[in-house]
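Colleague: Data file query33.txt (compact mmCIF, C-alpha atoms) is appended below.
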```
# COMPACT_ATOMS: atom_id res chain seq x y z
CA MET I 1 -19.92 18.48 8.05
CA THR I 2 -23.48 17.41 7.28
CA THR I 3 -26.43 18.26 9.48
CA ALA I 4 -27.07 14.55 10.13
CA ALA I 5 -23.58 14.19 11.65
CA LEU I 6 -24.10 17.01 14.16
CA PRO I 7 -26.52 15.14 16.47
CA THR I 8 -24.28 12.06 16.42
CA LYS I 9 -21.24 14.09 17.38
CA ALA I 10 -23.18 15.87 20.11
CA VAL I 11 -24.37 12.54 21.52
CA ALA I 12 -20.80 11.19 21.49
CA TRP I 13 -19.41 14.14 23.41
CA ALA I 14 -22.37 14.04 25.80
CA GLY I 15 -21.42 10.44 26.55
CA GLY I 16 -17.83 11.50 27.22
CA ALA I 17 -18.96 14.23 29.60
CA SER I 18 -21.25 11.77 31.35
CA TYR I 19 -18.33 9.37 31.83
CA LEU I 20 -16.23 12.07 33.50
CA LEU I 21 -19.20 13.06 35.68
CA VAL I 22 -19.74 9.45 36.81
CA VAL I 23 -16.05 9.10 37.67
CA GLY I 24 -16.21 12.33 39.65
CA LEU I 25 -19.22 11.07 41.60
CA LEU I 26 -17.45 7.77 42.34
CA VAL I 27 -14.43 9.55 43.75
CA GLY I 28 -16.15 12.51 45.46
CA ALA I 29 -19.55 11.27 46.56
CA ALA I 30 -18.41 7.89 47.88
CA PRO I 31 -14.91 8.48 49.24
CA ARG I 32 -15.07 5.74 51.90
CA ALA I 33 -16.31 2.98 49.58
CA SER I 34 -13.92 0.14 48.85
CA GLY I 35 -11.53 0.29 45.94
CA THR I 36 -13.26 -2.66 44.30
CA VAL I 37 -16.54 -0.69 44.14
CA HIS I 38 -14.75 2.25 42.56
CA GLY I 39 -12.96 0.03 40.06
CA VAL I 40 -16.09 -1.85 38.99
CA GLY I 41 -18.02 1.42 38.72
CA ALA I 42 -15.37 2.97 36.47
CA LEU I 43 -15.29 -0.20 34.36
CA LEU I 44 -19.05 -0.09 33.82
CA ALA I 45 -19.03 3.64 33.13
CA VAL I 46 -16.69 3.20 30.13
CA SER I 47 -19.73 2.17 28.07
CA LEU I 48 -20.60 5.87 27.96
CA LEU I 49 -17.51 6.41 25.78
CA ALA I 50 -18.80 4.23 22.92
CA GLY I 51 -19.66 7.22 20.73
CA VAL I 52 -16.32 8.93 21.40
CA VAL I 53 -14.43 5.71 20.59
CA ARG I 54 -16.11 5.53 17.17
CA ARG I 55 -15.48 9.18 16.27
CA MET I 56 -12.23 10.06 18.10
CA PRO I 57 -10.39 7.04 19.53
CA PRO I 58 -7.45 9.07 20.95
CA ALA I 59 -9.83 11.32 22.89
CA ALA I 60 -11.68 8.26 24.23
CA LEU I 61 -8.39 6.72 25.39
CA ALA I 62 -7.36 9.98 27.08
CA MET I 63 -10.70 10.16 28.92
CA ALA I 64 -10.46 6.51 30.00
CA LEU I 65 -6.90 7.01 31.28
CA PHE I 66 -7.89 10.16 33.14
CA GLY I 67 -10.95 8.55 34.73
CA SER I 68 -9.19 5.33 35.71
CA THR I 69 -6.23 7.20 37.17
CA ALA I 70 -8.59 9.48 39.10
CA VAL I 71 -10.28 6.41 40.62
CA VAL I 72 -6.93 4.92 41.67
CA VAL I 73 -5.52 8.18 43.07
CA GLY I 74 -8.72 9.37 44.71
CA THR I 75 -9.58 6.18 46.61
CA PRO I 76 -8.48 6.78 50.22
CA GLY I 77 -9.13 3.21 51.37
CA SER I 78 -6.63 1.63 49.00
CA ALA I 79 -3.89 1.19 51.62
CA GLN I 80 -6.14 -0.75 54.00
CA GLU I 81 -7.54 -2.90 51.19
CA SER I 82 -4.09 -3.77 49.96
CA ARG I 83 -3.33 -5.56 53.21
CA ALA I 84 -6.19 -8.01 52.61
CA SER I 85 -5.83 -8.50 48.90
CA SER I 86 -2.84 -9.01 46.65
CA TYR I 87 -4.56 -7.04 43.89
CA GLN I 88 -6.05 -3.66 44.82
CA GLY I 89 -9.65 -3.39 43.61
CA GLN I 90 -9.41 0.16 42.28
CA PHE I 91 -6.98 -1.06 39.62
CA LEU I 92 -9.93 -2.82 37.99
CA SER I 93 -10.73 0.55 36.45
CA TYR I 94 -7.76 0.10 34.10
CA LEU I 95 -9.64 -2.75 32.42
CA ALA I 96 -11.77 -0.01 30.89
CA VAL I 97 -8.60 1.49 29.42
CA ASP I 98 -7.67 -1.91 28.05
CA LEU I 99 -11.06 -2.24 26.34
CA VAL I 100 -10.66 1.12 24.62
CA LEU I 101 -7.08 0.22 23.73
CA GLY I 102 -8.19 -3.04 22.08
CA LEU I 103 -10.67 -1.12 19.91
CA ILE I 104 -7.96 1.33 18.89
CA VAL I 105 -5.57 -1.49 17.93
CA ALA I 106 -8.32 -3.16 15.90
CA THR I 107 -9.53 -0.08 14.00
CA SER I 108 -6.83 2.61 13.93
CA ALA I 109 -3.67 2.92 11.87
CA ARG I 110 -0.67 0.95 13.09
CA ARG I 111 1.32 4.05 14.05
CA ALA I 112 -1.57 5.50 16.06
CA ALA I 113 -2.16 2.11 17.72
CA THR I 114 1.52 1.83 18.67
CA VAL I 115 1.50 5.29 20.27
CA ALA I 116 -1.71 4.47 22.16
CA VAL I 117 -0.24 1.22 23.52
CA ALA I 118 2.97 2.96 24.60
CA VAL I 119 1.14 5.80 26.39
CA SER I 120 -1.32 3.45 28.09
CA CYS I 121 1.43 1.08 29.22
CA ALA I 122 3.54 3.93 30.63
CA VAL I 123 0.62 5.45 32.57
CA GLN I 124 -0.47 2.13 34.03
CA VAL I 125 3.07 1.12 35.05
CA LEU I 126 3.69 4.45 36.78
CA VAL I 127 0.34 4.55 38.60
CA ILE I 128 0.33 0.89 39.65
CA GLY I 129 3.94 1.14 40.79
CA GLY I 130 3.27 4.30 42.75
CA PHE I 131 0.04 3.29 44.48
CA SER I 132 0.64 -0.39 45.17
CA HIS I 133 1.99 -1.31 48.60
CA GLY I 134 4.33 -4.04 49.79
CA ASP I 135 4.29 -7.33 47.94
CA GLY I 136 1.33 -6.21 45.81
CA VAL I 137 3.54 -4.16 43.45
CA ALA I 138 4.76 -7.15 41.44
CA VAL I 139 1.37 -8.88 41.42
CA ASN I 140 -0.57 -5.76 40.44
CA GLY I 141 1.97 -4.88 37.75
CA LEU I 142 1.91 -8.40 36.28
CA ILE I 143 -1.91 -8.52 36.21
CA GLY I 144 -2.09 -5.08 34.61
CA LEU I 145 0.48 -6.04 31.98
CA LEU I 146 -1.29 -9.30 31.14
CA ALA I 147 -4.63 -7.51 30.80
CA LEU I 148 -3.05 -4.93 28.47
CA LEU I 149 -1.41 -7.63 26.34
CA ALA I 150 -4.67 -9.56 26.14
CA SER I 151 -6.55 -6.50 24.86
CA CYS I 152 -3.81 -5.80 22.29
CA MET I 153 -3.87 -9.41 21.04
CA ALA I 154 -7.66 -9.34 20.72
CA GLY I 155 -7.40 -6.10 18.73
CA LEU I 156 -4.71 -7.55 16.45
CA LEU I 157 -6.77 -10.68 15.79
CA SER I 158 -9.80 -8.55 14.93
CA ARG I 159 -7.69 -6.40 12.59
CA GLU I 160 -6.22 -9.44 10.82
CA ARG I 161 -9.65 -11.01 10.43
CA ARG I 162 -11.03 -7.82 8.92
CA GLU I 163 -8.06 -7.38 6.58
CA HIS I 164 -8.36 -11.00 5.50
CA ALA I 165 -12.05 -10.52 4.74
CA VAL I 166 -11.26 -7.39 2.70
CA ALA I 167 -8.57 -9.29 0.78
CA LEU I 168 -11.00 -12.13 0.06
CA ARG I 169 -13.63 -9.72 -1.21
CA ALA I 170 -11.06 -8.00 -3.42
CA GLN I 171 -9.95 -11.37 -4.79
CA GLU I 172 -13.55 -12.39 -5.50
CA VAL I 173 -14.16 -9.12 -7.33
CA ALA I 174 -10.97 -9.56 -9.37
CA GLU I 175 -11.90 -13.13 -10.27
CA ALA I 176 -15.42 -12.06 -11.25
CA VAL I 177 -14.01 -9.29 -13.46
CA THR I 178 -11.57 -11.72 -15.09
CA ALA I 179 -14.31 -14.29 -15.70
CA GLU I 180 -16.58 -11.66 -17.21
CA ARG I 181 -13.76 -10.35 -19.41
CA LEU I 182 -13.06 -13.88 -20.67
CA ARG I 183 -16.76 -14.43 -21.34
CA ILE I 184 -16.97 -11.23 -23.36
CA ALA I 185 -13.79 -12.16 -25.25
CA ARG I 186 -15.22 -15.59 -26.11
CA ASP I 187 -18.53 -14.15 -27.28
CA LEU I 188 -16.89 -11.49 -29.42
CA HIS I 189 -14.40 -13.96 -30.87
CA ASP I 190 -17.00 -16.59 -31.71
CA MET I 191 -19.36 -14.05 -33.22
CA VAL I 192 -17.00 -11.68 -35.02
CA ALA I 193 -14.40 -14.20 -36.22
CA HIS I 194 -17.03 -16.31 -37.98
CA SER I 195 -18.78 -13.35 -39.55
CA ILE I 196 -15.58 -11.64 -40.70
CA GLY I 197 -14.35 -14.91 -42.20
CA ILE I 198 -17.59 -15.30 -44.17
CA ILE I 199 -17.47 -11.66 -45.30
CA ALA I 200 -13.84 -11.92 -46.40
CA ILE I 201 -14.50 -15.05 -48.48
CA GLN I 202 -17.66 -13.61 -50.05
CA ALA I 203 -15.91 -10.33 -50.85
CA GLY I 204 -13.01 -12.16 -52.49
CA MET I 205 -15.33 -14.32 -54.55
CA GLY I 206 -17.43 -11.33 -55.58
CA SER I 207 -14.41 -9.32 -56.68
CA ARG I 208 -13.25 -12.20 -58.89
CA VAL I 209 -16.56 -12.74 -60.69
CA ILE I 210 -17.97 -9.21 -60.76
CA GLN I 211 -17.02 -8.76 -64.42
CA THR I 212 -17.87 -12.22 -65.73
CA GLN I 213 -20.74 -13.29 -63.45
CA PRO I 214 -22.63 -10.25 -62.13
CA ALA I 215 -25.40 -12.43 -60.67
CA GLU I 216 -22.93 -14.34 -58.55
CA ALA I 217 -21.36 -11.08 -57.42
CA ARG I 218 -24.77 -9.75 -56.38
CA GLU I 219 -25.40 -12.89 -54.34
CA ALA I 220 -22.05 -12.43 -52.61
CA LEU I 221 -22.93 -8.83 -51.77
CA ARG I 222 -26.31 -9.91 -50.38
CA ALA I 223 -24.56 -12.52 -48.22
CA ILE I 224 -22.13 -9.87 -47.01
CA GLU I 225 -25.02 -7.56 -46.14
CA ALA I 226 -26.94 -10.27 -44.27
CA THR I 227 -23.86 -11.40 -42.35
CA SER I 228 -22.96 -7.82 -41.46
CA ARG I 229 -26.46 -7.12 -40.16
CA GLU I 230 -26.41 -10.29 -38.08
CA THR I 231 -23.00 -9.36 -36.64
CA LEU I 232 -24.18 -5.86 -35.78
CA SER I 233 -27.22 -7.34 -34.05
CA GLY I 234 -25.00 -9.64 -32.01
CA LEU I 235 -22.68 -6.79 -31.06
CA ARG I 236 -25.65 -4.69 -30.00
CA ARG I 237 -26.95 -7.58 -27.89
CA THR I 238 -23.54 -7.91 -26.22
CA LEU I 239 -23.39 -4.19 -25.46
CA VAL I 240 -26.89 -4.24 -24.00
CA SER I 241 -25.94 -7.15 -21.73
CA LEU I 242 -22.89 -5.20 -20.56
CA ARG I 243 -25.09 -2.24 -19.65
CA GLN I 244 -27.53 -4.36 -17.66
CA ALA I 245 -25.57 -3.73 -14.46
CA ASP I 246 -26.51 -0.04 -14.75
CA GLY I 247 -30.30 0.11 -14.64
CA ASP I 248 -30.29 3.85 -15.30
CA ALA I 249 -28.26 3.55 -18.50
CA PRO I 250 -29.75 5.75 -21.23
CA GLY I 251 -31.91 3.75 -23.56
CA SER I 252 -31.57 0.54 -21.57
CA GLU I 253 -35.35 0.10 -21.45
CA GLN I 254 -35.98 1.39 -24.97
CA SER I 255 -33.55 -1.06 -26.63
CA PRO I 256 -35.25 -4.48 -26.97
CA ARG I 257 -32.96 -7.46 -26.68
CA SER I 258 -33.05 -9.92 -29.54
CA PRO I 259 -32.96 -13.58 -28.51
CA SER I 260 -29.58 -15.28 -28.30
CA PRO I 261 -28.80 -17.82 -31.03
CA GLY I 262 -29.11 -21.52 -30.32
CA LEU I 263 -29.21 -24.95 -31.86
CA ALA I 264 -32.44 -24.06 -33.66
CA ASP I 265 -30.42 -21.60 -35.78
CA LEU I 266 -27.94 -24.18 -37.07
CA GLU I 267 -29.67 -24.38 -40.48
CA ARG I 268 -29.30 -20.62 -40.91
CA LEU I 269 -25.65 -20.88 -39.85
CA ALA I 270 -25.14 -23.72 -42.32
CA ALA I 271 -26.67 -21.62 -45.11
CA ALA I 272 -24.32 -18.73 -44.34
CA THR I 273 -21.36 -21.11 -44.30
CA ALA I 274 -22.49 -22.62 -47.63
CA GLY I 275 -22.36 -19.13 -49.08
CA ALA I 276 -18.67 -19.08 -48.18
CA GLY I 277 -18.07 -22.24 -50.20
CA VAL I 278 -18.41 -24.96 -47.54
CA ARG I 279 -21.53 -27.14 -47.61
CA VAL I 280 -22.66 -28.16 -44.14
CA ASP I 281 -24.64 -31.33 -43.48
CA VAL I 282 -26.56 -30.86 -40.20
CA ARG I 283 -27.83 -34.02 -38.50
CA ARG I 284 -29.63 -34.54 -35.20
CA THR I 285 -29.83 -37.82 -33.33
CA GLY I 286 -31.86 -38.83 -30.31
CA GLU I 287 -35.01 -37.23 -29.00
CA GLN I 288 -34.79 -33.59 -29.98
CA ARG I 289 -35.94 -31.35 -27.13
CA PRO I 290 -35.25 -27.93 -25.61
CA VAL I 291 -32.08 -27.66 -23.53
CA PRO I 292 -31.08 -25.02 -20.98
CA ALA I 293 -30.22 -21.62 -22.46
CA ASP I 294 -26.55 -21.65 -21.46
CA ILE I 295 -26.00 -25.11 -22.98
CA ASP I 296 -27.96 -24.13 -26.09
CA LEU I 297 -25.87 -20.99 -26.65
CA SER I 298 -22.55 -22.70 -25.88
CA ALA I 299 -23.27 -25.57 -28.27
CA TYR I 300 -24.17 -23.11 -31.01
CA ARG I 301 -20.97 -21.10 -30.42
CA MET I 302 -18.88 -24.27 -30.56
CA VAL I 303 -20.39 -25.24 -33.90
CA GLN I 304 -19.93 -21.69 -35.15
CA GLU I 305 -16.25 -21.60 -34.21
CA ALA I 306 -15.64 -25.07 -35.64
CA LEU I 307 -17.23 -24.04 -38.96
CA THR I 308 -15.11 -20.89 -38.98
CA ASN I 309 -11.99 -23.05 -38.68
CA VAL I 310 -13.23 -25.28 -41.50
CA VAL I 311 -13.80 -22.29 -43.77
CA ARG I 312 -10.45 -20.69 -42.95
CA HIS I 313 -8.11 -23.65 -42.58
CA ALA I 314 -9.52 -26.98 -43.80
CA GLY I 315 -9.41 -26.32 -47.55
CA THR I 316 -12.47 -28.49 -48.17
CA GLY I 317 -15.90 -27.96 -49.62
CA CYS I 318 -18.02 -29.92 -47.13
CA CYS I 319 -18.28 -30.89 -43.50
CA ARG I 320 -20.73 -32.61 -41.16
CA VAL I 321 -22.35 -31.36 -37.94
CA VAL I 322 -24.00 -33.93 -35.66
CA ILE I 323 -26.02 -32.92 -32.58
CA GLY I 324 -26.84 -35.85 -30.29
CA TYR I 325 -29.58 -35.56 -27.68
CA GLY I 326 -28.78 -38.17 -25.06
CA ASP I 327 -30.50 -38.90 -21.78
CA GLU I 328 -27.73 -37.32 -19.69
CA GLU I 329 -25.63 -35.28 -22.12
CA LEU I 330 -25.68 -33.31 -25.32
CA THR I 331 -22.99 -34.22 -27.86
CA VAL I 332 -21.70 -31.85 -30.52
CA GLU I 333 -19.49 -33.12 -33.35
CA VAL I 334 -18.08 -31.25 -36.35
CA VAL I 335 -16.11 -33.37 -38.84
CA ASP I 336 -14.47 -32.38 -42.14
CA ASP I 337 -12.28 -34.17 -44.69
CA GLY I 338 -9.83 -31.37 -45.23
CA ARG I 339 -6.16 -30.96 -44.43
CA GLY I 340 -6.61 -32.09 -40.84
CA THR I 341 -4.57 -29.33 -39.20
CA CYS I 342 -4.93 -25.64 -38.47
CA GLY I 343 -1.53 -24.64 -39.77
CA ASP I 344 1.29 -24.30 -37.29
CA GLY I 345 -1.08 -23.73 -34.37
CA SER I 346 -0.68 -19.97 -34.18
CA GLU I 347 -3.38 -19.32 -36.76
CA GLN I 348 -6.09 -21.01 -34.76
CA GLY I 349 -5.89 -18.18 -32.23
CA PHE I 350 -8.21 -18.54 -29.28
CA GLY I 351 -10.95 -20.56 -30.96
CA LEU I 352 -10.17 -23.97 -29.47
CA ILE I 353 -9.25 -22.35 -26.16
CA GLY I 354 -12.65 -20.65 -26.04
CA MET I 355 -14.46 -23.88 -26.88
CA ARG I 356 -12.63 -25.75 -24.12
CA GLU I 357 -13.47 -22.97 -21.65
CA ARG I 358 -17.14 -23.13 -22.60
CA ALA I 359 -17.23 -26.89 -22.16
CA GLY I 360 -15.38 -26.70 -18.84
CA MET I 361 -17.74 -24.05 -17.46
CA LEU I 362 -20.67 -26.37 -18.13
CA GLY I 363 -18.95 -29.40 -16.60
CA GLY I 364 -18.33 -31.02 -19.96
CA ARG I 365 -15.28 -31.87 -22.03
CA LEU I 366 -14.05 -31.17 -25.53
CA SER I 367 -11.64 -33.00 -27.83
CA ALA I 368 -10.22 -31.66 -31.07
CA GLY I 369 -7.60 -33.00 -33.44
CA PRO I 370 -6.83 -34.57 -36.82
CA ARG I 371 -8.52 -37.82 -37.77
CA PRO I 372 -6.45 -40.87 -38.78
CA GLU I 373 -8.43 -41.21 -42.01
CA GLY I 374 -7.91 -37.51 -42.80
CA GLY I 375 -9.64 -34.31 -41.88
CA PHE I 376 -10.29 -32.71 -38.52
CA ARG I 377 -12.78 -33.53 -35.77
CA VAL I 378 -14.16 -31.41 -32.95
CA ALA I 379 -16.33 -33.22 -30.38
CA ALA I 380 -17.88 -31.89 -27.18
CA ARG I 381 -19.96 -33.58 -24.49
CA LEU I 382 -22.11 -31.29 -22.35
CA PRO I 383 -24.01 -32.80 -19.39
CA LEU I 384 -27.73 -32.12 -19.28
CA PRO I 385 -29.64 -31.54 -16.01
CA THR I 386 -31.93 -34.32 -14.84
CA PRO I 387 -35.59 -33.49 -15.59
CA ALA I 388 -37.53 -32.60 -12.45
CA GLY I 389 -40.40 -34.91 -13.29
CA VAL I 390 -38.38 -38.11 -13.81
CA ALA I 391 -39.62 -40.87 -11.50
CA VAL I 392 -37.10 -42.95 -9.59
CA GLU I 393 -37.60 -46.71 -9.95
CA ALA I 394 -38.12 -48.41 -6.61
CA PRO I 395 -35.74 -51.28 -5.77
```
Could you show the structure in this file as structure tokens?
Modeller:
Amino acid sequence: MTTAALPTKAVAWAGGASYLLVVGLLVGAAPRASGTVHGVGALLAVSLLAGVVRRMPPAALAMALFGSTAVVVGTPGSAQESRASSYQGQFLSYLAVDLVLGLIVATSARRAATVAVAVSCAVQVLVIGGFSHGDGVAVNGLIGLLALLASCMAGLLSRERREHAVALRAQEVAEAVTAERLRIARDLHDMVAHSIGIIAIQAGMGSRVIQTQPAEAREALRAIEATSRETLSGLRRTLVSLRQADGDAPGSEQSPRSPSPGLADLERLAAATAGAGVRVDVRRTGEQRPVPADIDLSAYRMVQEALTNVVRHAGTGCCRVVIGYGDEELTVEVVDDGRGTCGDGSEQGFGLIGMRERAGMLGGRLSAGPRPEGGFRVAARLPLPTPAGVAVEAP
């Protein structure tokens, strides 16, 4: 037990002792007062048990039962009051028991709550049945039972609300973890698949011409080196972003983050793809301007994945990339004149799935499929945010 918990526990037990002392004063110091006064006093005094309820709910319930029963048993004027009222006032003290019972049902384990309800119900039935007089037995018993049921229902509703909130938080955490895992999978796929494809093609070409064309082989090795370094830089950037949640991660401040790729790097991507044997014609239409970082990165990744598919599956030596800067959306189109399919569909892996997910996350849409005139076409439309400074024309 920590030293900070000692004062809290002492205060809780001091409150319990104060409750018993107040009940003793109600019964002993004011014996001729009406039962209603005793009942209301015991009901107000239960606030002293707040600390005990938080730390030891069974002990708090035992104290409340003892105090309420002492008020009912020790009130000498109960017989006279029962003639004038169908509900004896000293039984109001059992409302304090019901309050404690509701807290136990809301916070304790179900087995402990069931035992507490059974004990409280038995004590109240016995005491009310033994100290009620005449026709007041049925009325007092019914009121006591209804009050107990009401406290139990309130506790159950509170428990269900809390459990529902916990379940919602757990679901939100699970969905966030799944979304983050999918994002990481998309980034790694788009980055690594393209680079490995380029490296594999360059390595194959270099191995074929290393004896007859050493200069071409050296160029292939340089392309492999440059692509490998770029891939390692991207992997390092991904790992740094994963460690951002932990601010105390070793080296998190010493490792500078390189900027994420974007549409401005398409020429460099086209040059790397040309080294793999596919010439890329990059065109831009509309008023070229900066776009938000998430749209910029997603558009670049879509082009990168589409070029990877062209290199691996199209069987062609050229393709065209068109970036359109519209007023309300950014269009991305990659067209080739190759075979027009990606094999039987299993070879394309998660590339098209990742592109559709990227477009959907940004509120856009993506279409991909063979062209009637031959080849394959990938087209995406990504909505752009409205500039803050655009003036609205008055009617």
Colleague: To one decimal in Å, tell me the separation between atom CA of Gly286 of chain I and atom CA of Tyr325 of chain I.
Modeller: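 These two atoms are separated by 4.8 Å.
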Colleague: What's around Leu146 of chain I at 12 Å? Count only C-alpha atoms, leave out sequence neighbours fewer than 2 positions away in its own chain, and write the answer as a list of chain:residue names.
Modeller: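 Counting only the stated atoms, we get I:Tyr94, I:Leu95, I:Asp98, I:Cys121, I:Gln124, I:Val125, I:Val139, I:Asn140, I:Gly141, I:Leu142, I:Ile143, I:Gly144, I:Leu148, I:Leu149, I:Ala150, I:Ser151, I:Cys152, I:Met153.
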Colleague: Please, what distance in Å, to one decimal, runs between atom CA of Ala10 of chain I and atom CA of Val52 of chain I?
Modeller: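 Interatomic distance, atom CA of Ala10 of chain I to atom CA of Val52 of chain I: 9.8 Å.
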Colleague: Name the residues in contact with Thr308 of chain I at a cut-off of 12 Å, using all atoms listed in the file, excluding same-chain residues fewer than 5 positions from it; report them as a ChimeraX atom specification.
Modeller: /I:189-201,269-270,272-274,276-278,280,301-303,313-315,319,334,336,342,348-349,351-352
Colleague: May I ask for the distance between atom CA of Leu330 of chain I and atom CA of Leu384 of chain I, given in Å to one decimal place?
Modeller: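 Distance between the two atoms: 6.5 Å.
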Colleague: With all atoms listed in the file as the counted atoms, please give the residues lying no more than 7 Å from segment 157-168 of chain I, apart from itself and same-chain residues fewer than 4 positions off, as a list in words.
Modeller: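 Once the adjacent positions are removed, what remains is Ala106, Thr107, Met153 and Glu172 of chain I.
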